[in-house]
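Peer 1: Before we start, here is the structure in question, set down as structure tokens.
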Amino acid sequence: VRLLLIILFSTHWVGALRLSYYSPIHVESMNTAFNLIGFILVFYLLKTPKNLRLLATFCAVIFFGVFFRETVIFLAIIYFAVFIHSALTAVGNNEAFSVKEVFLAGFPLLSGLIAFSLTRIIASPDNEYSLLANMVAWMYQKPFPTYIQSYFTTYGPMLALLVVSYKVVRDFLKIEKFNAYYLAFICLVAWGIGSDTDRFLYWAIP
């Protein structure tokens with residue numbers, strides 16, 4: 001199964017490896033690399049959120065990753081959202097929560113915003129492009145069947161297996177909240193950020 005997944009990943013028409021070969025200056029491959037590193041760090045950080053060395057490494061990954069592809073900041077947004085949600089849940093249940101953990105969880109997002117600001121200093125846009133207006137337009141224009149088809153274009157028929165084993169998927173996402181939030185976020189963004197829905201869904205490859 002592992003070998004099959006590696007072959008599918010390597011041969012996918014919109015995958016990072018193929019794009020790197022045919023378009024060396026394309027940034028999607030670096031986005032995938034930084035995403036994978038970020039997911040590995042988050043896996044350990046969620047267990048030890050006060051580990052400053054891990055946190056500093058995650059901040060560095062977000063900071064440098066944003067220079068290659070601004071979507072790397074999604075990792076920091078979802079990471080912070082997980083802690084905010086946990087804090088709000090604790091408050092709602094009259095339970096204690098670690099203010100320090102929530103505070104530290106905001107540092108990767110801050111480093112990403114600093115990097116994003118620096119890119120705007122280094123290079124400024126020369127048109128009237130608006131991300132919000134673009135997303136609203138695409139969410140209105142993109143047919144829902146086309147959006148659903150993009151999932152099968154990206155990940156193939158194996159998505160049908162998720163329907164059969166939906167209980168396993170549901171239980172997994174309940175435990176792995178970061179994965180659940182990130183997946184939901186990418187699904188929403190892929191719907192409205194542009195025409196290449198399959199390429200945007202590929203951001204969730206980890």
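Letters A, B, ... mark the chains of the structure tokens in the order given; residue numbers begin at 1 per chain; ligand numbers begin at 1, in order shown.
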For the interface of stretch 91-159 of chain A with stretch 50-54 of chain A (cut-off 12 Å, counting only C-alpha atoms), please tabulate each contacting residue of stretch 91-159 of chain A alongside its nearest pair of atoms and their separation in Å to one decimal, rows sorted by chain and increasing number, as JSON lines.
Peer 2:
```
{"residue": "A:Ser98", "atom": "CA", "partner": "A:Lys50", "partner_atom": "CA", "distance": 10.2}
{"residue": "A:Val99", "atom": "CA", "partner": "A:Lys50", "partner_atom": "CA", "distance": 11.2}
{"residue": "A:Lys100", "atom": "CA", "partner": "A:Lys50", "partner_atom": "CA", "distance": 8.1}
{"residue": "A:Glu101", "atom": "CA", "partner": "A:Lys50", "partner_atom": "CA", "distance": 6.5}
{"residue": "A:Val102", "atom": "CA", "partner": "A:Lys50", "partner_atom": "CA", "distance": 9.9}
{"residue": "A:Phe103", "atom": "CA", "partner": "A:Lys50", "partner_atom": "CA", "distance": 10.2}
{"residue": "A:Leu104", "atom": "CA", "partner": "A:Lys50", "partner_atom": "CA", "distance": 7.4}
{"residue": "A:Ala105", "atom": "CA", "partner": "A:Lys50", "partner_atom": "CA", "distance": 9.0}
{"residue": "A:Phe107", "atom": "CA", "partner": "A:Leu52", "partner_atom": "CA", "distance": 10.7}
{"residue": "A:Pro108", "atom": "CA", "partner": "A:Leu54", "partner_atom": "CA", "distance": 10.9}
```
Peer 1: Calculated over only C-alpha atoms, which of the candidates A:Leu3, A:Ile78, A:Pro145, A:Ser165 has the smallest distance to A:Leu46?
Peer 2: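 Once distances to A:Leu46 are computed over only C-alpha atoms, the minimum belongs to A:Ile78.
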Peer 1: Counting only C-alpha atoms, what are the residues of stretch 103-159 of chain A within 12 Å of stretch 12-17 of chain A, and for each of them which pair of atoms is the nearest and at what distance in Å, to one decimal? Sort the table by chain and rising number, as a tab-separated table.
Peer 2:
```
residue	atom	partner	partner_atom	distance
A:Ser150	CA	A:Val14	CA	11.5
A:Thr153	CA	A:Val14	CA	9.4
A:Thr154	CA	A:Val14	CA	7.8
A:Tyr155	CA	A:His12	CA	8.9
A:Gly156	CA	A:His12	CA	9.9
```
Peer 1: Just the residues within 12 Å of stretch 193-195 of chain A, please, counting only C-alpha atoms, with nothing from its chain fewer than 5 positions along; format it as a list in words.
Peer 2: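 Counting only the stated atoms, we get Thr71, Ser130, Leu131, Leu132, Ala133, Asn134, Met135, Val136, Ala137, Trp138, Met139, Tyr140, Gln141, Lys142, Pro143, Thr146, Tyr147, Ser150, Phe185, Ile186, Cys187, Leu188, Phe200 and Leu201 of chain A.
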Peer 1: Please provide as a CSV table (one decimal) with N, CA, C and O atoms, in the first residue's frame all residues within 9 Å of A:Phe67, with the sequence filter that same-chain residues fewer than 3 positions apart are discarded (counting only C-alpha atoms).
Peer 2:
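And here is the file that came out, result_28.csv:
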```
chain,number,residue,atom,x,y,z
A,62,ILE,N,7.5,28.2,9.0
A,62,ILE,CA,6.4,29.1,8.5
A,62,ILE,C,7.0,30.4,7.9
A,62,ILE,O,6.6,30.8,6.8
A,63,PHE,N,8.0,31.0,8.6
A,63,PHE,CA,8.6,32.2,8.1
A,63,PHE,C,9.2,32.0,6.7
A,63,PHE,O,8.9,32.8,5.8
A,64,PHE,N,10.1,31.1,6.5
A,64,PHE,CA,10.8,30.9,5.3
A,64,PHE,C,9.8,30.3,4.2
A,64,PHE,O,9.9,30.5,3.0
A,70,GLU,N,2.8,31.6,-0.1
A,70,GLU,CA,2.1,32.2,1.1
A,70,GLU,C,1.2,31.3,1.8
A,70,GLU,O,0.8,31.5,2.9
A,72,VAL,N,1.7,28.5,3.0
A,72,VAL,CA,2.3,27.8,4.1
A,72,VAL,C,1.8,28.4,5.4
A,72,VAL,O,1.7,27.7,6.4
A,115,ALA,N,6.6,37.6,7.6
A,115,ALA,CA,7.2,37.2,6.3
A,115,ALA,C,6.3,37.6,5.2
A,115,ALA,O,6.8,38.1,4.2
A,116,PHE,N,5.0,37.5,5.4
A,116,PHE,CA,4.0,38.0,4.3
A,116,PHE,C,4.2,39.5,4.1
A,116,PHE,O,4.2,40.0,3.0
A,118,LEU,N,6.9,41.3,4.6
A,118,LEU,CA,8.2,41.5,4.0
A,118,LEU,C,8.1,41.3,2.5
A,118,LEU,O,8.7,42.0,1.7
A,119,THR,N,7.3,40.3,2.1
A,119,THR,CA,7.2,40.0,0.6
A,119,THR,C,6.5,41.2,0.0
A,119,THR,O,6.8,41.5,-1.2
```
Peer 1: Looking at only C-alpha atoms, which of A:Ala87, A:Val61, A:Ile114, A:Leu159 is the one that sits closest to A:Ala33?
Peer 2: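 Selected residue with least distance to A:Ala33: A:Val61.
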Peer 1: Under the rule that only C-alpha atoms are counted, which of A:Phe152, A:Phe144, A:Phe172, A:Phe58 is the nearest residue to A:Tyr44?
Peer 2: A:Phe58
Peer 1: Give me, as a ChimeraX atom specification, all polymer residues having an atom no more than 10 Å from A:Thr32, counting only C-alpha atoms and skipping those fewer than 5 positions away in the same chain.
Peer 2: /A:15-17,27,37-38,65,69,72,202-206
Peer 1: Could those residues be written to a file, using all heavy atoms, as a compact mmCIF listing (two decimals), in the first residue's frame?
Peer 2:
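Output file again16.txt follows:
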```txt
# COMPACT_ATOMS: atom_id res chain seq x y z
N GLY A 15 0.88 16.78 -9.42
CA GLY A 15 1.72 16.58 -8.24
C GLY A 15 3.01 17.38 -8.27
O GLY A 15 3.46 17.85 -9.31
N ALA A 16 3.60 17.50 -7.09
CA ALA A 16 4.80 18.31 -6.93
C ALA A 16 5.99 17.78 -7.73
O ALA A 16 6.75 18.55 -8.31
CB ALA A 16 5.17 18.38 -5.45
N LEU A 17 6.14 16.46 -7.79
CA LEU A 17 7.30 15.89 -8.48
C LEU A 17 7.22 16.13 -9.99
O LEU A 17 8.22 16.48 -10.63
CB LEU A 17 7.40 14.39 -8.18
CG LEU A 17 7.62 14.03 -6.71
CD1 LEU A 17 7.68 12.53 -6.53
CD2 LEU A 17 8.92 14.67 -6.20
N VAL A 27 6.26 26.87 -7.75
CA VAL A 27 6.43 26.91 -6.29
C VAL A 27 5.64 25.83 -5.56
O VAL A 27 5.78 25.67 -4.35
CB VAL A 27 6.02 28.29 -5.73
CG1 VAL A 27 6.94 29.37 -6.24
CG2 VAL A 27 4.57 28.62 -6.08
N ILE A 37 6.93 19.19 6.31
CA ILE A 37 7.76 19.49 7.48
C ILE A 37 6.88 20.09 8.59
O ILE A 37 7.01 19.72 9.77
CB ILE A 37 8.89 20.47 7.11
CG1 ILE A 37 9.85 19.84 6.11
CG2 ILE A 37 9.66 20.90 8.36
CD1 ILE A 37 10.83 20.80 5.50
N GLY A 38 5.98 20.99 8.21
CA GLY A 38 5.09 21.61 9.18
C GLY A 38 4.19 20.61 9.87
O GLY A 38 4.00 20.68 11.09
N GLY A 65 8.87 29.43 4.67
CA GLY A 65 7.92 28.83 3.74
C GLY A 65 7.05 29.86 3.05
O GLY A 65 6.74 29.72 1.86
N ARG A 69 5.81 30.22 -0.81
CA ARG A 69 4.38 30.11 -1.11
C ARG A 69 3.61 30.57 0.12
O ARG A 69 3.72 29.99 1.18
CB ARG A 69 4.02 28.66 -1.45
CG ARG A 69 2.63 28.50 -2.07
CD ARG A 69 2.68 28.97 -3.50
NE ARG A 69 1.56 28.50 -4.30
CZ ARG A 69 0.40 29.14 -4.48
NH1 ARG A 69 0.18 30.30 -3.88
NH2 ARG A 69 -0.54 28.65 -5.25
N VAL A 72 1.66 28.50 2.96
CA VAL A 72 2.29 27.81 4.09
C VAL A 72 1.76 28.37 5.42
O VAL A 72 1.72 27.67 6.43
CB VAL A 72 3.83 27.93 4.02
CG1 VAL A 72 4.49 27.32 5.26
CG2 VAL A 72 4.36 27.22 2.78
N TYR A 202 -4.71 19.67 -3.64
CA TYR A 202 -3.45 18.94 -3.45
C TYR A 202 -2.65 19.53 -2.29
O TYR A 202 -1.71 18.90 -1.80
CB TYR A 202 -2.62 18.99 -4.75
CG TYR A 202 -1.78 17.77 -4.98
CD1 TYR A 202 -2.38 16.56 -5.34
CD2 TYR A 202 -0.41 17.80 -4.82
CE1 TYR A 202 -1.63 15.43 -5.56
CE2 TYR A 202 0.36 16.67 -5.04
CZ TYR A 202 -0.26 15.49 -5.41
OH TYR A 202 0.50 14.37 -5.61
N TRP A 203 -3.01 20.73 -1.84
CA TRP A 203 -2.34 21.30 -0.66
C TRP A 203 -2.59 20.46 0.57
O TRP A 203 -1.85 20.53 1.54
CB TRP A 203 -2.83 22.73 -0.41
CG TRP A 203 -2.45 23.72 -1.46
CD1 TRP A 203 -1.44 23.59 -2.37
CD2 TRP A 203 -3.06 24.99 -1.72
NE1 TRP A 203 -1.39 24.70 -3.19
CE2 TRP A 203 -2.37 25.57 -2.81
CE3 TRP A 203 -4.11 25.70 -1.13
CZ2 TRP A 203 -2.70 26.82 -3.31
CZ3 TRP A 203 -4.44 26.94 -1.64
CH2 TRP A 203 -3.75 27.50 -2.72
N ALA A 204 -3.66 19.65 0.54
CA ALA A 204 -4.00 18.80 1.69
C ALA A 204 -3.33 17.43 1.60
O ALA A 204 -3.71 16.52 2.33
CB ALA A 204 -5.51 18.64 1.79
N ILE A 205 -2.36 17.28 0.72
CA ILE A 205 -1.73 15.97 0.50
C ILE A 205 -1.15 15.36 1.79
O ILE A 205 -1.15 14.16 1.96
CB ILE A 205 -0.66 16.03 -0.62
CG1 ILE A 205 -0.23 14.62 -1.05
CG2 ILE A 205 0.56 16.83 -0.20
CD1 ILE A 205 -1.31 13.81 -1.71
N PRO A 206 -0.63 16.15 2.77
CA PRO A 206 -0.15 15.49 4.00
C PRO A 206 -1.24 14.74 4.74
O PRO A 206 -0.96 13.78 5.44
CB PRO A 206 0.37 16.67 4.84
CG PRO A 206 0.72 17.72 3.86
CD PRO A 206 -0.30 17.58 2.76
```
Peer 1: For A:Val82, work out the shell of residues within 8 Å, counting only C-alpha atoms and skipping chain neighbours fewer than 5 positions away, then give it as a CSV table (one decimal) with C-alpha atoms, in the first residue's frame.
Peer 2:
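The result, written out as around.csv:
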```csv
chain,number,residue,atom,x,y,z
A,177,LYS,CA,-8.4,18.0,15.3
A,178,PHE,CA,-5.6,19.7,13.5
A,181,TYR,CA,-9.6,21.7,10.7
```
Peer 1: Nearest to A:Phe80 among A:Met30, A:Tyr182, A:Tyr21, A:Val1, with distances taken over only C-alpha atoms: which residue is it?
Peer 2: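 Going through A:Met30, A:Tyr182, A:Tyr21, A:Val1 one by one, the smallest distance to A:Phe80 is for A:Tyr182.
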Peer 1: Please measure the separation of atom CA of A:Pro125 and atom CA of A:Gly192, giving the value in Å to one decimal.
Peer 2: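 Interatomic distance, atom CA of A:Pro125 to atom CA of A:Gly192: 20.7 Å.
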Peer 1: Could you work out how far atom CA of A:Phe9 lies from atom CA of A:Val168, giving the answer in Å with one decimal?
Peer 2: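 Going from atom CA of A:Val168 over to atom CA of A:Phe9, I get 23.1 Å.
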